[in-house]
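For reference, the structure discussed in these notes is given below.
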Amino acid sequence: MIKHFIIIASAYSIGKRIALDYFDEKILQLDVIQKEINYINEKCGSDVPIATHVLQTDSTDWRSVVKKDKFFKEVYLVKNKEEFVKLLLSDRELVGIDIAKYILSIKPCTHLKLEKLTYLCYADYLCKEKDKLFIDKIFAYKLGPVIETVYDKYQKKGMTILEDNIEIFDESARELSISSRILSSKDGAKKLLSIEETLKKYGDMEALKLVKLTHKRKSPWRYAGAGKKSYEEITDDMVLNFHKNECS
């Protein structure tokens, strides 16, 4: 019989669970396995969720593992720990659409409201933690801050962001899976907590009331050009210096 030691994690960038399979007797020594796990933690962060499994089959072939336990049926076997780490690292940074999908998993929103809530989640986190919630750029549109990936995803032909009467339903927005996606990012637990706190403050407000918040005097939006056609970027420095004026 062949003993398999398997390290498994979720790679949201490819939408699959991924695995490393060790079955060589030299590698199966506990100190060697621990070094492999330490390598993954050092490269990806100790908060990256990974799981380990041990089982025996009659072959070194991965197909024997799948045959033995259907839990591994949809798992993607990677070639080596470097590929495993590369896939996990691609999940460490969030984009705006990740936050938007989490918001939609809780309640449907119009495009206008979704843009504002996503922006406020970013601004609150940046001011508290002095770090980015996601990597997208934010621009000053006519009705306030707009996030690149959220705009690209939900701006449909024949429907502009000005039409605040159409709620967005996204079948891919599932609270458990989107929560896991956020938790897999750098400081994921801290980010998720901050998002929830922001949604408690602003989640029940109507879109136009949120627009008024972002249009306040000396808001980041105003310093970025107040919605001129050039769509100037709202920089982190603007948010750090003037987001407090939106909250007062």
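Just so we're on the same page: first chain in the structure tokens is A, next is B, and so on; residues restart at 1 for each chain, and ligands are numbered from 1 in the order they show up.
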Using only C-alpha atoms, which residues of range 54-111 of chain A come within 6 Å of range 183-205 of chain A, and what is the closest atom pair for each, with the distance in Å to one decimal? Give it as a tab-separated table, sorted by chain and residue number.
```
residue	atom	partner	partner_atom	distance
A:Asp91	CA	A:Ser185	CA	5.8
A:Arg92	CA	A:Ser185	CA	3.9
A:Glu93	CA	A:Ser185	CA	5.6
```
Could you save the residues just selected, with N, CA and C atoms, as an mmCIF file, in the first residue's frame?
```
data_model
loop_
_atom_site.group_PDB
_atom_site.id
_atom_site.type_symbol
_atom_site.label_atom_id
_atom_site.label_comp_id
_atom_site.auth_asym_id
_atom_site.auth_seq_id
_atom_site.Cartn_x
_atom_site.Cartn_y
_atom_site.Cartn_z
ATOM 1 N N ASP A 91 -4.439 34.976 -4.878
ATOM 2 C CA ASP A 91 -5.656 35.256 -4.110
ATOM 3 C C ASP A 91 -5.438 36.254 -2.982
ATOM 4 N N ARG A 92 -4.210 36.675 -2.768
ATOM 5 C CA ARG A 92 -3.916 37.502 -1.596
ATOM 6 C C ARG A 92 -4.360 38.948 -1.762
ATOM 7 N N GLU A 93 -4.584 39.374 -2.998
ATOM 8 C CA GLU A 93 -5.063 40.728 -3.242
ATOM 9 C C GLU A 93 -6.497 40.688 -3.756
#
```
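Excluding Leu87 in chain A itself and any same-chain residue fewer than 4 positions from it, the protein and nucleic acid residues within 9 Å of it, counting only C-alpha atoms, are Ala11, Tyr12, Ser13, Ile14, Ile18, Glu82, Glu83 and Asp91 of chain A.
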Those same residues - C-alpha atoms - I'd like them written as a compact mmCIF listing (two decimals), in the first residue's frame.
```
# COMPACT_ATOMS: atom_id res chain seq x y z
CA ALA A 11 -7.44 28.79 -5.25
CA TYR A 12 -10.18 31.30 -6.02
CA SER A 13 -8.27 32.71 -8.99
CA ILE A 14 -8.94 29.48 -10.91
CA ILE A 18 -5.64 22.60 -5.35
CA GLU A 82 6.20 26.59 -6.19
CA GLU A 83 3.11 26.31 -8.40
CA ASP A 91 -5.66 35.26 -4.11
```
Among the residues A:Glu206, A:Lys132, A:Met1, A:Trp221, the one that comes closest to Thr60 in chain A [using only C-alpha atoms]:
A:Met1
For a quick check of understanding, using only C-alpha atoms, which of A:Val66, A:Ile234, A:Ile138, A:Leu88 has the smallest distance to Ile40 in chain A?
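Answer, going by the shortest atom-to-atom distance: A:Leu88.
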Atomic separation - CA of Phe84 in chain A relative to CA of Lys67 in chain A, Å
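Separation of CA of Lys67 in chain A and CA of Phe84 in chain A: 22.7 Å.
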To one decimal place, how far is CA of Ile2 in chain A from CA of Thr57 in chain A in Å?
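These atoms are spaced 5.3 Å apart.
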Could you list, as a short mmCIF file (atom, residue, chain, number, x, y, z; two decimals) with N, CA and C atoms, in the first residue's frame, every residue within 10 Å of Asp236 in chain A, counting only C-alpha atoms and ignoring same-chain residues fewer than 6 positions away?
```
data_model
loop_
_atom_site.label_atom_id
_atom_site.label_comp_id
_atom_site.auth_asym_id
_atom_site.auth_seq_id
_atom_site.Cartn_x
_atom_site.Cartn_y
_atom_site.Cartn_z
N TYR A 122 -14.03 50.64 1.05
CA TYR A 122 -12.60 50.89 0.79
C TYR A 122 -12.10 52.05 1.65
N ALA A 123 -12.85 53.14 1.64
CA ALA A 123 -12.41 54.35 2.36
C ALA A 123 -12.31 54.10 3.86
N LEU A 126 -9.20 51.85 4.50
CA LEU A 126 -7.95 52.57 4.28
C LEU A 126 -7.65 53.52 5.43
N CYS A 127 -8.66 54.23 5.91
CA CYS A 127 -8.44 55.20 6.98
C CYS A 127 -8.15 54.52 8.32
N LYS A 130 -4.68 52.02 7.18
CA LYS A 130 -3.62 52.60 6.34
C LYS A 130 -3.13 51.57 5.31
N ASP A 131 -4.06 50.82 4.78
CA ASP A 131 -3.75 49.80 3.79
C ASP A 131 -4.93 49.68 2.83
N LYS A 132 -4.68 49.19 1.62
CA LYS A 132 -5.72 49.06 0.62
C LYS A 132 -6.64 47.88 0.93
N LYS A 137 -8.34 51.06 -9.06
CA LYS A 137 -8.37 52.51 -8.97
C LYS A 137 -9.82 52.97 -8.82
N ILE A 138 -10.00 54.13 -8.19
CA ILE A 138 -11.33 54.70 -7.97
C ILE A 138 -11.37 56.05 -8.69
N PRO A 220 -13.28 63.54 -0.78
CA PRO A 220 -12.29 63.09 -1.77
C PRO A 220 -12.78 63.28 -3.20
N PHE A 242 -9.45 63.32 3.44
CA PHE A 242 -10.77 63.97 3.36
C PHE A 242 -11.98 63.02 3.54
N HIS A 243 -11.74 61.72 3.71
CA HIS A 243 -12.89 60.82 3.92
C HIS A 243 -13.64 61.19 5.20
#
```
Give me every strand (DSSP E or B) residue in range 13-246 of chain A, going by DSSP on the backbone, as a list in words.
Lys16, Arg17, Ile18, Ala19, Leu20, Asp21, Tyr22, Ala51, Thr52, His53, Val54, Leu55, Gln56, Thr57, Tyr76, Leu77, Cys109, Thr110, Ile138, Phe139, Ala140, Tyr141, Gly144, Pro145, Val146, Ile147, Glu167, Ile168 and Glu233 of chain A
Would you mind exporting C-alpha atoms of the selected residues as a JSON list (two decimals), in the first residue's frame?
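The resulting file, part16.json, is shown below:
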```json
[["chain", "number", "residue", "atom", "x", "y", "z"],
["A", 16, "LYS", "CA", -10.75, 25.18, -7.82],
["A", 17, "ARG", "CA", -9.30, 23.39, -4.83],
["A", 18, "ILE", "CA", -5.64, 22.60, -5.35],
["A", 19, "ALA", "CA", -3.45, 19.89, -3.86],
["A", 20, "LEU", "CA", 0.10, 18.72, -3.35],
["A", 21, "ASP", "CA", 0.50, 14.95, -3.07],
["A", 22, "TYR", "CA", 3.51, 13.47, -1.25],
["A", 51, "ALA", "CA", -5.69, 21.49, 5.21],
["A", 52, "THR", "CA", -3.84, 18.18, 5.33],
["A", 53, "HIS", "CA", -5.07, 14.67, 4.62],
["A", 54, "VAL", "CA", -3.50, 11.24, 4.92],
["A", 55, "LEU", "CA", -4.78, 8.12, 3.17],
["A", 56, "GLN", "CA", -3.50, 4.87, 1.67],
["A", 57, "THR", "CA", -4.08, 3.55, -1.83],
["A", 76, "TYR", "CA", -6.56, 20.12, -9.21],
["A", 77, "LEU", "CA", -3.20, 18.43, -8.54],
["A", 109, "CYS", "CA", -28.49, 46.77, -4.89],
["A", 110, "THR", "CA", -28.81, 49.14, -7.77],
["A", 138, "ILE", "CA", -11.33, 54.70, -7.97],
["A", 139, "PHE", "CA", -12.55, 57.52, -10.22],
["A", 140, "ALA", "CA", -14.71, 60.60, -9.72],
["A", 141, "TYR", "CA", -17.83, 60.23, -11.88],
["A", 144, "GLY", "CA", -19.63, 60.05, -7.04],
["A", 145, "PRO", "CA", -16.78, 57.52, -6.72],
["A", 146, "VAL", "CA", -16.75, 54.59, -9.16],
["A", 147, "ILE", "CA", -14.59, 51.45, -8.94],
["A", 167, "GLU", "CA", -31.52, 46.12, -8.88],
["A", 168, "ILE", "CA", -28.58, 43.87, -9.67],
["A", 233, "GLU", "CA", -8.63, 59.33, -10.04]]
```
Please measure the separation of CA of Lys3 in chain A and CA of Phe71 in chain A, giving the value in Å to one decimal.
16.9 Å
